[in-house]
Amino acid sequence: EPVSLDQGQEMGRFLLGSTVILLFPAGTVEFEERYLPGSPTRMGEALARYTED
């Protein structure tokens, strides 16, 4: 469901550790098969590839 926020309104907070959030339009990337939600990643690793129409 769509989420509406006022300008400057807090959407979330991250405490301890690192979190990666990726936002893409639907159908524009293919994620690497080895990654599942919650899988650890390392800096510099490719997570997905851009797909051209």
# chains A, B, ... in the order shown; residues from 1 in each chain; ligands from 1
>>> residues_around(residues="Met43 of chain A", least_positions_apart="6", cutoff="12 Å", atoms="only C-alpha atoms", output="list in words")
Ser18, Thr19 and Val20 of chain A
>>> write_last_selection(atoms="N, CA and C atoms", output="PDB file, in the first residue's frame")
ATOM      1  N   SER A  18      24.934  -1.767   9.686  1.00  0.00           N
ATOM      2  CA  SER A  18      24.672  -1.093   8.419  1.00  0.00           C
ATOM      3  C   SER A  18      23.465  -1.718   7.750  1.00  0.00           C
ATOM      4  N   THR A  19      22.721  -0.913   7.067  1.00  0.00           N
ATOM      5  CA  THR A  19      21.557  -1.383   6.329  1.00  0.00           C
ATOM      6  C   THR A  19      21.636  -0.834   4.914  1.00  0.00           C
ATOM      7  N   VAL A  20      21.285  -1.667   3.952  1.00  0.00           N
ATOM      8  CA  VAL A  20      21.255  -1.241   2.561  1.00  0.00           C
ATOM      9  C   VAL A  20      19.802  -1.220   2.115  1.00  0.00           C
TER      10      VAL A  20
END
>>> select_by_dssp(residues="chain A", states="strand (DSSP E or B)", output="list in words")
Val29, Glu30, Phe31, Ala48, Arg49 and Tyr50 of chain A
>>> residues_around(residues="Gly27 of chain A", least_positions_apart="3", cutoff="10 Å", atoms="only C-alpha atoms", output="number ranges by chain")
A: 24, 30, 50-53
>>> write_last_selection(atoms="N, CA and C atoms", output="mmCIF file, in the first residue's frame")
data_model
loop_
_atom_site.group_PDB
_atom_site.id
_atom_site.type_symbol
_atom_site.label_atom_id
_atom_site.label_comp_id
_atom_site.auth_asym_id
_atom_site.auth_seq_id
_atom_site.Cartn_x
_atom_site.Cartn_y
_atom_site.Cartn_z
ATOM 1 N N PHE A 24 14.164 0.781 -6.835
ATOM 2 C CA PHE A 24 14.216 0.795 -8.290
ATOM 3 C C PHE A 24 12.797 0.721 -8.831
ATOM 4 N N GLU A 30 17.785 -6.948 -12.261
ATOM 5 C CA GLU A 30 17.754 -8.366 -11.916
ATOM 6 C C GLU A 30 18.756 -8.566 -10.796
ATOM 7 N N TYR A 50 21.374 -3.853 -14.080
ATOM 8 C CA TYR A 50 20.371 -3.074 -14.796
ATOM 9 C C TYR A 50 19.919 -3.858 -16.019
ATOM 10 N N THR A 51 18.622 -3.920 -16.244
ATOM 11 C CA THR A 51 18.095 -4.596 -17.424
ATOM 12 C C THR A 51 17.530 -3.559 -18.378
ATOM 13 N N GLU A 52 17.900 -3.675 -19.627
ATOM 14 C CA GLU A 52 17.396 -2.744 -20.637
ATOM 15 C C GLU A 52 16.194 -3.359 -21.324
ATOM 16 N N ASP A 53 15.262 -2.525 -21.719
ATOM 17 C CA ASP A 53 14.062 -3.001 -22.432
ATOM 18 C C ASP A 53 14.388 -3.352 -23.852
#
>>> residues_around(residues="Leu22 of chain A", least_positions_apart="2", cutoff="12 Å", atoms="only C-alpha atoms", output="VMD selection string")
chain A and resid 19 to 20 24 to 26 29 31 37 47 to 48
>>> write_last_selection(atoms="N, CA and C atoms", output="PDB file, in the first residue's frame")
ATOM      1  N   THR A  19      22.721  -0.913   7.067  1.00  0.00           N
ATOM      2  CA  THR A  19      21.557  -1.383   6.329  1.00  0.00           C
ATOM      3  C   THR A  19      21.636  -0.834   4.914  1.00  0.00           C
ATOM      4  N   VAL A  20      21.285  -1.667   3.952  1.00  0.00           N
ATOM      5  CA  VAL A  20      21.255  -1.241   2.561  1.00  0.00           C
ATOM      6  C   VAL A  20      19.802  -1.220   2.115  1.00  0.00           C
ATOM      7  N   PHE A  24      14.164   0.781  -6.835  1.00  0.00           N
ATOM      8  CA  PHE A  24      14.216   0.795  -8.290  1.00  0.00           C
ATOM      9  C   PHE A  24      12.797   0.721  -8.831  1.00  0.00           C
ATOM     10  N   PRO A  25      12.556   1.294  -9.998  1.00  0.00           N
ATOM     11  CA  PRO A  25      11.267   1.067 -10.650  1.00  0.00           C
ATOM     12  C   PRO A  25      11.126  -0.428 -10.963  1.00  0.00           C
ATOM     13  N   ALA A  26       9.924  -0.941 -10.888  1.00  0.00           N
ATOM     14  CA  ALA A  26       9.673  -2.362 -11.143  1.00  0.00           C
ATOM     15  C   ALA A  26      10.198  -2.769 -12.514  1.00  0.00           C
ATOM     16  N   VAL A  29      15.764  -3.995 -12.804  1.00  0.00           N
ATOM     17  CA  VAL A  29      16.982  -4.671 -12.359  1.00  0.00           C
ATOM     18  C   VAL A  29      16.717  -6.158 -12.150  1.00  0.00           C
ATOM     19  N   PHE A  31      18.298  -9.059  -9.654  1.00  0.00           N
ATOM     20  CA  PHE A  31      19.176  -9.271  -8.516  1.00  0.00           C
ATOM     21  C   PHE A  31      19.995 -10.536  -8.700  1.00  0.00           C
ATOM     22  N   PRO A  37      16.685 -12.023   0.809  1.00  0.00           N
ATOM     23  CA  PRO A  37      16.441 -10.964   1.798  1.00  0.00           C
ATOM     24  C   PRO A  37      17.134 -11.304   3.122  1.00  0.00           C
ATOM     25  N   LEU A  47      25.086  -6.297  -6.396  1.00  0.00           N
ATOM     26  CA  LEU A  47      23.855  -6.887  -5.871  1.00  0.00           C
ATOM     27  C   LEU A  47      22.845  -7.164  -6.973  1.00  0.00           C
ATOM     28  N   ALA A  48      22.915  -6.370  -8.045  1.00  0.00           N
ATOM     29  CA  ALA A  48      21.936  -6.484  -9.122  1.00  0.00           C
ATOM     30  C   ALA A  48      22.537  -5.947 -10.412  1.00  0.00           C
TER      31      ALA A  48
END
>>> atom_distance(atom1="atom CA of Ile21 of chain A", atom2="atom CA of Ala46 of chain A")
14.0 Å
